[in-house]
Amino acid sequence: MKISRKRALKNYFFYTCLILSSIVVIIPLFMVFFFLLQKGGSSLSLDFFFNNPKPVGEIGGGMKHAILGSFYMVGLGSLIAVPLGLVCGVYLSEFGKGKIASLLRFTIDLLTGVPSIVVGIFAYLIFVVSMKSFSAIAGAFALSIIILPIVTRTTEEILKLIPKHVKEAGLALGLPRWKVIVFIVVKGSRSSLMTGIILAISRAAGETAPLLFTAFGSMYLSYSPDEPMASLPVQIYNYAISPYDDWQKQAWAGAFTLIIIVLGLNLFARFYFVRKDIYRSIKKLFTRQTKD
Amino acid sequence: MTNTIALEVKNLNAYFGDFRAVKDINLTYHKNTVNAIIGPSGCGKSTYIRCLNRIHEEVEDASVKGEVILGGKNIYAENADPVEVRKHIGMVFQKPNPFPSMSIFDNVTIGPKLWGEKDRTKLEEITENCLKKAALWDEVKDKLHQDGTSLSGGQQQRLCIARTLAIDPPIILMDEPTSALDPIATVKIEDLMNEIKKEYTVIVVTHNMQQARRIADYTSFFVLGDLIEHGLTSDIFTNPKEKKTEDYISGNFG
Amino acid sequence: MTRQLLIITTVVLSLNASAILKLNGAGASFPYAIYSKWISEYSKSQEKVQINYQSIGSGGGIRQLIKQTVDFAASDAPMREKDKKKAAWPVLHVPTVLGAVVVAYNGKSIGNDLNIDGQVLADIFLGKITKWNDQAIKKLNPKRNLPDQEILVVRRADSSGTTSVFASYLADVSEEWKSKVGVGKSLRWPTGIGAKGNEGVTALVKQTEYAIGYIDLAHAKKNGIYTVNLKNGAGEYIKATVESISASAESFKTSGDDFTVSVINQKTKGAYPISAFTYFLLPLKKEKDQKISEVQNFFKWSLTKGQDFAAPLYYAPLPMNVRKAVVKKLDSL
Amino acid sequence: MKIPYSKQDQYVYTALRFFSLVVVCLLIAIIFQLFMASKLAFDEFGLSFVTDDFWNPVDDEFGALAFIFGTVVTSILALLIAGPVSVFVAIYTNEFLPKKIASVLGLFVELIAAIPSIVFGLWGLYYLAPFVKNFLAPFLKKYLGFLPFFQGSSFGIGILTAAIILAIMIIPTITSVCREVFKSIPNLRKEAALGLGATKYEMVKIAILKPSFSGIMGALVLGLGRALGETMAVAMVIGNNPVISSSLFSAGATMASVMANEYAEADSELHLSALCYVGLLLFVVTFFVNLMARTIVWNNSRKSKR
């Protein structure tokens with residue numbers, strides 16, 4: 001059967017769109033990368049990772065406190081939001097009917113659209129005003145509000161994709177529903193779920209506005225949850241808008257670091273799942289050989 | 001024959017909302033037999049078989065009335081636990097559906113594992129046993145840690161049967177298990193049914209009359225939710241009592 | 001699991017650090033660089049004190065002071081009477097350095113150091129003068145060859161003390177500005193496009209030919225951008241430099257405890273007209289605690305030794321007369 | 001003691017409902033706090049706040065219409081750009097590229113999500129704005145200048161630039177979710193379509209796009225959410241002028257950007273309160289935009305059922 005000209009043309013056009021889109025998407029990323037390296041590459045050194053900041057004009061300042069602070073607060077925030085988001089996502093995809101479910105779905109839709117600054121103001125009113133002190137906890141709480149809806153939404157979409165008959169097959173094994181959900185549905189889509197979680201965490205890691213009025217920022221390394229804490233985005237923000245070259249360089253280097261950290265996180269998550277499978281099969285092979 | 005009763009169905013009705021899809025079925029199944037259910041599309045065969053292990057009620061709006069007696073107890077009694085019921089009545093579905101991102105080994109052992117079996121050697125034993133029973137062992141024994149979905153369709157379906165066998169249910173329901181498979185795979189599954197009836201009671205819905213003839217000891221004929229006729233397979237196919245059955249079998253109907 | 005471990009260890013670690021006195025301050029972003037420099041230098045001699053200053057904006061700083069979430073605040077503009085009433089204690093305004101608003105523009109054919117007076121500047125930002133070769137500009141720069149091009153006004157989009165100082169200068173020189181636009185941190189602008197932050201205005205002016213905007217001194221110096229010479233109260237055209245900005249406060253007289261007097265458009269010779277103090281805000285608690293006295297020590301240090309660090313960062317140090325008056329006040333507390 | 005299985009499921013269900021209610025309460029708390037904070041402005045301006053496009057902090061007169069306009073226009077424009085591009089990229093990576101290259105491309109796209117918005121903002125200011133001013137705007141003006149959207153002169157920053165930045169920022173979200181959705185479609189169906197003699201394009205249309213419509217919509221809503229609430233990057237490049245203009249080259253302002261611009265420095269009570277009122281309105285706008293999206297999904301799924 002010969003394909004008509006019109007259909008062939010459409011097909012070519014389609015291909016062109018696909019390739020063009022992919023190129024167009026990658027260009028900004030590389031431009032930003034280039035931009036960051038060009039402006040901040042020269043201040044990427046060991047000092048940058050192992051020193052605390054120094055004032056303008058002194059060399060050797062770093063962002064150790066901000067890197068650790070970001071890890072601390074994003075970690076704490078995801079510790080709250082990821083499990084909660086997974087639970088809500090499961091609820092929506094598995095029991096998605098009924099009033100509470102539609103209320104929740106509606107809530108999540110609204111939460112994804114809350115500007116980060118409103119989240120910051122909210123966390124400020126809840127934690128900072130009542131504790132009379134800026135704190136890392138308040139920052140983590142604000143970040144968790146950013147993470148929560150993204151995790152919930154992606155979890156719902158991903159779990160919905162598991163065909164119904166797979167769930168029924170699980171039930172037919174005489175398993176209670178919750179076991180089917182946890183051990184078959186959720187476990188079966190864990191690597192896809194990771195994508196959503198990483199997406200959420202990477203977004204939270206780059207947010208300035210929710211942290212400005214909550215974690216506040218600090219010039220020192222701090223580990224206590226009830227004190228102000230530095231974070232990469234706040235530090236980047238402060239330095240990027242300053243007129244001094246060495247601070248601006250630090251800001252770009254910081255942004256570069258942030259992206260690399262997220263890249264590392266992403267790769268780690270992917271590698272983790274792959275490695276586990278490889279590890280298992282190697283172990284299996286080994287045990288079989290000794291048995292024989 | 002020293003047949004004892006495996007499952008007894010009394011006045012079973014199944015509904016989708018107000019729609020009655022299965023009407024007043026009364027049937028008795030004997031142990032160690034293969035029982036086929038045939039009938040035209042949309043006749044309620046699948047709905048009926050799904051009532052037998054209480055999967056039907058997982059569908060939205062669906063409900064069941066009547067009794068199904070298993071080992072002297074009604075599985076639809078108020079205090080009956082559907083989960084417990086399904087442990088005793090396994091099911092294989094129309095489409096092969098290995099669990100996603102799970103190895104062959106995990107697919108087979110997930111049932112026993114979640115039922116509390118932790119001993120690794122025992123789980124390995126179960127895997128080997130069930131895969132042998134499902135006539136899959138020789139094909140997969142070297143790749144137990146590959147993803148279950150990497151197998152071919154026929155292999156996947158046999159994997160699903162092995163998975164069901166792993167929880168050792170006395171009764172196994174099969175809902176058109178070969179409809180998605182090629183003839184060679186179909187033959188393998190049919191042989192398998194013949195083999196496992198030594199230990200299990202099999203109830204199978206099939207679209208294919210020849211298949212029923214080849215494998216079943218008893219056959220029931222359904223039309224639009226009604227049980228038209230039930231009897232020994234040889235009787236149904238050679239000497240049907242009802243006109244409708246005869247028409248269907250000779251190809252004048254459905 | 002690893003995360004939990006991390007948290008437990010960090011909590012344990014943090015218990016050891018409590019011997020150090022920690023002070024938090026928040027507020028204006030304009031003096032962030034000099035304050036962090038001061039803090040760093042000051043802490044070299046004071047190991048037991050950790051001061052943390054974060055630039056969350058002057059308004060934010062004042063709000064934190066009222067809500068008592070910080071030990072001191074900083075602001076580019078004095079607190080308003082309403083806010084003073086809301087604070088639990090009286091608040092002392094301590095001037096720290098002087099800042100200036102510099103009018104920057106882009107235009108190779110115009111050349112650097114264009115002469116502008118207040119009236120013309122107001123008319124440009126009111127949208128009344130729209131071309132570079134307008135008669136009013138020509139009159140002030142008779143020797144220049146001014147291009148027949150539209151002026152693009154770039155202004156701050158975010159609320160800012162810089163805008164407030166700039167607007168108070170324009171209101172001082174132009175009745176029309178006073179009545180039509182007024183003074184505030186964010187305004188309803190008659191013309192122009194808004195960029196965020198000094199950084200944004202600088203970038204936009206640099207990128208767009210024939211644009212004009214207002215920025216702080218450090219951004220202007222660091223970016224090699226053209227700036228105007230502004231006519232001051234004494235009738236001279238003055239370029240913004242650290243010295244000319246400091247000069248604007250030389251004739252400053254305190255009225256008692258109040259250091260919040262405007263230094264805009266002074267008649268002092270050599271004074272740049274759009275200058276302003278930036279302040280530390282010190283809550284005068286009745287019962288003095290250790291924190292407050294440490295804050296006071298830090299303030300005193302910044303007004304004496306600290307002043308030497310200002311000029312290299314393009315902040316104008318306070319003239320001697322102001323320093324003495326403020327230190328005297330701090331000593332009397 | 002062993003809990004019967006049906007009870008176990010019940011407990012789990014109750015727990016799930018409980019956590020869901022916690023999240024719902026969180027939203028209520030946020031809205032309540034915002035409402036309390038915006039009460040002053042609400043009492044002062046009432047609903048005319050929504051219909052006035054007058055914003056003057058000096059005289060304490062506020063109306064949010066221009067911001068609502070800016071938010072809706074930039075978000076929808078961003079979605080129009082990012083939606084097709086993301087779907088294309090998702091298809092290309094999933095169906096056409098070899099697995100290794102696809103995962104690298106996918107990784108790159110996800111990395112975009114990690115770039116802090118301030119970096120995007122400054123990059124947009126230094127690179128994108130000049131590009132728009134010198135190339136894109138003249139190009140659009142030349143070929144589409146008869147449309148009211150592409151008239152007037154462009155200074156680089158403005159609604160169009162903001163929408164492009166937003167589009168770049170939401171692409172990773174939409175692409176990643178779409179990829180997961182497409183992944184779930186069985187190969188059998190794609191092969192069946194190809195087997196019928198369909199071209200690749202037709203295969204994608206029949207076997208991929210149609211069945212995953214609701215998933216794609218879900219992805220778009222997620223992206224839209226981010227576009228509506230983005231602050232810093234937009235504030236850097238939109239020009240921040242609360243005016244309503246039909247030209248995409250002109251400066252505008254969004255609700256989130258005005259909050260970011262003025263919240264930190266606002267010192268009059270009414271100004272602060274008006275900003276919170278804007279925040280509250282953003283909820284309303286988000287609600288309506290989502291409602292629209294959901295209606296589209298609902299209509300479509302009803303159509304396809306028929």
# chains A, B, ... in the order shown; residues from 1 in each chain; ligands from 1

$ interface_residues --of "chain D" --to "chain C" --cutoff "6 Å" --atoms "only C-alpha atoms" --output "compact mmCIF listing (two decimals) with N, CA, C and O atoms, in the first residue's frame"
# COMPACT_ATOMS: atom_id res chain seq x y z
N ASN D 56 -1.80 52.08 43.45
CA ASN D 56 -0.99 53.22 43.88
C ASN D 56 -0.68 53.13 45.36
O ASN D 56 -1.45 53.56 46.20
N PRO D 57 0.49 52.56 45.69
CA PRO D 57 0.84 52.38 47.10
C PRO D 57 1.00 53.70 47.83
O PRO D 57 0.83 53.75 49.05
N VAL D 58 1.33 54.80 47.12
CA VAL D 58 1.56 56.07 47.80
C VAL D 58 0.26 56.57 48.43
O VAL D 58 0.24 57.01 49.57
N MET D 236 11.66 39.44 37.28
CA MET D 236 12.85 40.00 36.64
C MET D 236 12.60 40.43 35.20
O MET D 236 13.27 41.31 34.70
N GLY D 239 8.67 43.43 33.32
CA GLY D 239 8.52 44.87 33.17
C GLY D 239 7.69 45.50 34.27
O GLY D 239 7.75 46.70 34.50
N ASN D 240 6.93 44.70 34.98
CA ASN D 240 6.23 45.13 36.19
C ASN D 240 5.47 46.44 36.04
O ASN D 240 5.64 47.37 36.80
N ASN D 261 7.58 41.52 44.68
CA ASN D 261 8.20 42.83 44.57
C ASN D 261 7.93 43.71 45.77
O ASN D 261 8.77 44.49 46.17
N GLU D 262 6.74 43.63 46.30
CA GLU D 262 6.36 44.64 47.28
C GLU D 262 6.18 44.14 48.70
O GLU D 262 6.14 44.92 49.62
N ALA D 264 8.16 42.49 50.77
CA ALA D 264 9.27 42.68 51.71
C ALA D 264 9.35 44.12 52.21
O ALA D 264 9.74 44.37 53.33
N GLU D 265 8.99 45.07 51.36
CA GLU D 265 9.19 46.47 51.72
C GLU D 265 7.90 47.19 52.13
O GLU D 265 7.94 48.33 52.54
N ALA D 266 6.78 46.54 51.95
CA ALA D 266 5.52 47.23 52.22
C ALA D 266 5.48 47.68 53.67
O ALA D 266 5.76 46.89 54.57
N ASP D 267 5.14 48.94 53.92
CA ASP D 267 5.06 49.32 55.32
C ASP D 267 3.71 49.88 55.74
O ASP D 267 3.47 50.04 56.92

$ closest_atom_pairs --of "chain A" --to "chain B" --cutoff "10 Å" --atoms "only C-alpha atoms" --output "tab-separated table"
residue	atom	partner	partner_atom	distance
A:Lys97	CA	B:Glu60	CA	9.8
A:Ile162	CA	B:Pro100	CA	8.3
A:Pro163	CA	B:Asn97	CA	8.9
A:Lys164	CA	B:Val59	CA	9.7
A:His165	CA	B:Asn97	CA	7.1
A:Val166	CA	B:Asn97	CA	5.7
A:Lys167	CA	B:Phe99	CA	8.8
A:Glu168	CA	B:Ile55	CA	7.1
A:Ala169	CA	B:Met91	CA	7.2
A:Gly170	CA	B:Phe99	CA	8.3
A:Leu171	CA	B:Arg86	CA	7.3
A:Ala172	CA	B:Arg86	CA	5.5
A:Leu173	CA	B:Lys87	CA	5.9
A:Gly174	CA	B:Lys87	CA	4.0
A:Leu175	CA	B:Val83	CA	5.9
A:Pro176	CA	B:Val83	CA	5.7
A:Arg177	CA	B:Val83	CA	8.4
A:Lys179	CA	B:Leu114	CA	7.7
A:Val180	CA	B:Leu114	CA	9.4
A:Phe183	CA	B:Leu114	CA	8.4
A:Ile184	CA	B:Phe99	CA	6.6
A:Val185	CA	B:Pro100	CA	8.0
A:Val186	CA	B:Pro100	CA	9.8
A:Lys187	CA	B:Ser101	CA	7.9
A:Gly188	CA	B:Ser101	CA	4.9
A:Ser189	CA	B:Ser101	CA	7.0
A:Arg190	CA	B:Ser101	CA	8.4
A:Ser191	CA	B:Ser101	CA	8.8
A:Asp277	CA	B:His145	CA	7.9
A:Ile278	CA	B:His145	CA	9.0
A:Arg280	CA	B:His145	CA	7.6
A:Ser281	CA	B:His145	CA	5.7
A:Ile282	CA	B:His145	CA	9.4
A:Lys284	CA	B:His145	CA	8.0
A:Leu285	CA	B:Asp142	CA	8.8

$ residues_around --residues "Val322 in chain C" --least-positions-apart "6" --cutoff "9 Å" --atoms "only C-alpha atoms" --output "PyMOL selection string"
chain C and resi 95+249-250+252-254+259

$ interface_residues --of "chain D" --to "chain B" --cutoff "12 Å" --atoms "only C-alpha atoms" --output "ChimeraX atom specification"
/D:3-9,184,186-188

$ interface_residues --of "chain D" --to "chain A" --cutoff "6 Å" --atoms "only C-alpha atoms" --output "list in words"
Tyr5, Asp9, Ser20, Val24, Val85, Phe88, Val89, Tyr92, Ala113, Ala114, Pro116, Tyr201, Gly225, Arg226, Leu228, Gly229 and Glu230 of chain D

$ write_last_selection --atoms "C-alpha atoms" --output "CSV table (one decimal), in the first residue's frame"
chain,number,residue,atom,x,y,z
D,5,TYR,CA,-8.3,-8.6,56.8
D,9,ASP,CA,-8.4,-2.6,54.9
D,20,SER,CA,-6.1,13.5,53.2
D,24,VAL,CA,-7.2,19.7,53.2
D,85,VAL,CA,6.9,21.1,23.1
D,88,PHE,CA,6.7,16.3,21.5
D,89,VAL,CA,9.8,15.8,23.6
D,92,TYR,CA,10.5,11.7,20.9
D,113,ALA,CA,13.6,21.9,37.1
D,114,ALA,CA,16.6,22.3,39.4
D,116,PRO,CA,16.7,28.3,40.9
D,201,TYR,CA,2.6,10.1,13.1
D,225,GLY,CA,0.1,25.4,38.7
D,226,ARG,CA,3.8,26.3,38.7
D,228,LEU,CA,0.6,30.7,38.0
D,229,GLY,CA,2.6,30.8,41.2
D,230,GLU,CA,6.1,31.6,39.8

$ residues_around --residues "Gly127 in chain C" --least-positions-apart "2" --cutoff "9 Å" --atoms "only C-alpha atoms" --output "number ranges by chain"
C: 122-125, 129-130, 153, 190-192

$ write_last_selection --atoms "N, CA and C atoms" --output "PDB file, in the first residue's frame"
ATOM      1  N   ALA C 122      12.846  65.539  37.022  1.00  0.00           N
ATOM      2  CA  ALA C 122      11.451  65.263  37.366  1.00  0.00           C
ATOM      3  C   ALA C 122      10.606  65.175  36.101  1.00  0.00           C
ATOM      4  N   ASP C 123      10.853  66.111  35.167  1.00  0.00           N
ATOM      5  CA  ASP C 123      10.058  66.101  33.941  1.00  0.00           C
ATOM      6  C   ASP C 123      10.299  64.845  33.112  1.00  0.00           C
ATOM      7  N   ILE C 124      11.558  64.351  33.114  1.00  0.00           N
ATOM      8  CA  ILE C 124      11.838  63.099  32.382  1.00  0.00           C
ATOM      9  C   ILE C 124      11.046  61.955  33.008  1.00  0.00           C
ATOM     10  N   PHE C 125      11.080  61.862  34.332  1.00  0.00           N
ATOM     11  CA  PHE C 125      10.401  60.743  34.988  1.00  0.00           C
ATOM     12  C   PHE C 125       8.889  60.935  35.057  1.00  0.00           C
ATOM     13  N   ILE C 129       9.319  65.233  29.410  1.00  0.00           N
ATOM     14  CA  ILE C 129      10.424  65.316  28.456  1.00  0.00           C
ATOM     15  C   ILE C 129      10.612  63.922  27.898  1.00  0.00           C
ATOM     16  N   THR C 130      10.444  63.765  26.593  1.00  0.00           N
ATOM     17  CA  THR C 130      10.477  62.418  26.034  1.00  0.00           C
ATOM     18  C   THR C 130      11.644  62.199  25.083  1.00  0.00           C
ATOM     19  N   VAL C 153      12.434  55.410  30.039  1.00  0.00           N
ATOM     20  CA  VAL C 153      12.598  55.491  31.486  1.00  0.00           C
ATOM     21  C   VAL C 153      12.547  54.093  32.086  1.00  0.00           C
ATOM     22  N   PRO C 190       4.186  57.416  36.195  1.00  0.00           N
ATOM     23  CA  PRO C 190       3.498  57.929  35.007  1.00  0.00           C
ATOM     24  C   PRO C 190       4.071  57.332  33.723  1.00  0.00           C
ATOM     25  N   THR C 191       5.306  56.853  33.743  1.00  0.00           N
ATOM     26  CA  THR C 191       5.902  56.353  32.501  1.00  0.00           C
ATOM     27  C   THR C 191       6.968  55.306  32.811  1.00  0.00           C
ATOM     28  N   GLY C 192       7.435  54.637  31.781  1.00  0.00           N
ATOM     29  CA  GLY C 192       8.583  53.760  31.926  1.00  0.00           C
ATOM     30  C   GLY C 192       8.268  52.314  32.198  1.00  0.00           C
TER      31      GLY C 192
END

$ interface_residues --of "chain A" --to "chain C" --cutoff "9 Å" --atoms "only C-alpha atoms" --output "number ranges by chain"
A: 54-57, 72, 75-76, 79, 128-129, 131-134, 212-213, 216-220, 222-225, 228, 238, 240-245

$ write_last_selection --atoms "N, CA and C atoms" --output "short mmCIF file (atom, residue, chain, number, x, y, z; two decimals), in the first residue's frame"
data_model
loop_
_atom_site.label_atom_id
_atom_site.label_comp_id
_atom_site.auth_asym_id
_atom_site.auth_seq_id
_atom_site.Cartn_x
_atom_site.Cartn_y
_atom_site.Cartn_z
N LYS A 54 32.92 34.76 53.19
CA LYS A 54 33.74 35.88 53.66
C LYS A 54 33.17 37.14 53.03
N PRO A 55 33.42 38.29 53.67
CA PRO A 55 32.86 39.53 53.11
C PRO A 55 33.55 39.90 51.81
N VAL A 56 32.96 40.88 51.15
CA VAL A 56 33.47 41.34 49.87
C VAL A 56 34.94 41.69 49.98
N GLY A 57 35.71 41.31 48.99
CA GLY A 57 37.10 41.72 48.96
C GLY A 57 38.05 40.71 49.56
N TYR A 72 19.95 20.00 54.67
CA TYR A 72 19.26 19.82 55.95
C TYR A 72 17.77 20.12 55.79
N GLY A 75 15.99 18.01 53.10
CA GLY A 75 15.85 16.66 53.65
C GLY A 75 14.71 16.60 54.64
N LEU A 76 14.72 17.54 55.56
CA LEU A 76 13.69 17.56 56.60
C LEU A 76 12.31 17.77 55.96
N LEU A 79 11.18 14.72 54.26
CA LEU A 79 10.85 13.70 55.26
C LEU A 79 9.38 13.83 55.68
N VAL A 128 7.29 31.23 62.80
CA VAL A 128 8.22 32.27 63.23
C VAL A 128 7.57 33.22 64.23
N VAL A 129 6.35 33.66 63.93
CA VAL A 129 5.71 34.62 64.82
C VAL A 129 5.43 33.98 66.17
N MET A 131 7.00 31.34 67.52
CA MET A 131 8.22 30.97 68.24
C MET A 131 9.11 32.19 68.51
N LYS A 132 8.75 33.31 67.91
CA LYS A 132 9.54 34.53 68.01
C LYS A 132 10.97 34.33 67.55
N SER A 133 11.15 33.45 66.63
CA SER A 133 12.50 33.26 66.12
C SER A 133 12.43 32.59 64.76
N PHE A 134 13.28 33.03 63.86
CA PHE A 134 13.39 32.32 62.58
C PHE A 134 14.01 30.96 62.84
N LEU A 212 13.05 32.92 52.72
CA LEU A 212 13.47 34.26 53.12
C LEU A 212 12.89 34.65 54.48
N PHE A 213 11.62 34.35 54.69
CA PHE A 213 10.96 34.77 55.93
C PHE A 213 10.84 33.65 56.95
N PHE A 216 15.31 32.23 57.02
CA PHE A 216 15.93 33.54 57.19
C PHE A 216 17.30 33.61 56.53
N GLY A 217 18.12 32.64 56.70
CA GLY A 217 19.48 32.72 56.20
C GLY A 217 20.43 33.00 57.34
N SER A 218 21.67 32.63 57.15
CA SER A 218 22.63 32.81 58.22
C SER A 218 24.00 32.95 57.61
N MET A 219 24.87 33.60 58.34
CA MET A 219 26.24 33.73 57.85
C MET A 219 27.10 32.62 58.42
N TYR A 220 26.52 31.80 59.25
CA TYR A 220 27.32 30.79 59.93
C TYR A 220 26.76 29.40 59.68
N SER A 222 25.17 26.20 60.84
CA SER A 222 24.32 25.89 61.98
C SER A 222 23.62 24.57 61.74
N TYR A 223 23.44 23.81 62.81
CA TYR A 223 22.72 22.54 62.67
C TYR A 223 21.45 22.51 63.50
N SER A 224 21.22 23.55 64.28
CA SER A 224 20.07 23.42 65.18
C SER A 224 18.79 23.84 64.47
N PRO A 225 17.77 23.02 64.61
CA PRO A 225 16.52 23.25 63.88
C PRO A 225 15.78 24.50 64.33
N PRO A 228 18.09 30.29 62.83
CA PRO A 228 18.16 30.61 61.41
C PRO A 228 19.20 29.74 60.72
N ASN A 238 21.03 36.68 47.49
CA ASN A 238 21.70 37.84 48.09
C ASN A 238 22.94 38.25 47.30
N ALA A 240 23.67 37.39 44.09
CA ALA A 240 23.46 37.67 42.67
C ALA A 240 23.04 39.11 42.45
N ILE A 241 22.33 39.70 43.40
CA ILE A 241 21.86 41.06 43.18
C ILE A 241 22.84 42.09 43.72
N SER A 242 23.99 41.63 44.22
CA SER A 242 24.97 42.59 44.71
C SER A 242 25.83 43.06 43.54
N PRO A 243 26.44 44.22 43.67
CA PRO A 243 27.24 44.72 42.54
C PRO A 243 28.67 44.19 42.50
N TYR A 244 29.08 43.43 43.52
CA TYR A 244 30.50 43.09 43.61
C TYR A 244 30.81 41.81 42.85
N ASP A 245 31.90 41.87 42.07
CA ASP A 245 32.26 40.75 41.21
C ASP A 245 32.42 39.44 41.97
#

$ atom_distance --atom1 "CA of Tyr210 in chain C" --atom2 "CA of Asn106 in chain C"
5.1 Å

$ residues_around --residues "Met73 in chain A" --least-positions-apart "4" --cutoff "10 Å" --atoms "only C-alpha atoms" --output "count of residues only"
22

$ select_by_dssp --residues "range 25-262 of chain D" --states "strand (DSSP E)" --output "list in words"
Trp55, Asn56, Glu61 and Phe62 of chain D

$ residues_around --residues "range 213-229 of chain B" --least-positions-apart "6" --cutoff "9 Å" --atoms "only C-alpha atoms" --output "JSON, numbers by chain"
{"B": [13, 14, 20, 21, 22, 23, 24, 25, 26, 29, 33, 34, 35, 36, 37, 38, 39, 40, 41, 42, 43, 44, 45, 47, 48, 190, 191, 193, 194, 203, 204, 235, 236, 237, 240, 241, 242, 244, 245]}

$ atom_distance --atom1 "CA of Trp132 in chain C" --atom2 "CA of Glu150 in chain C"
6.5 Å
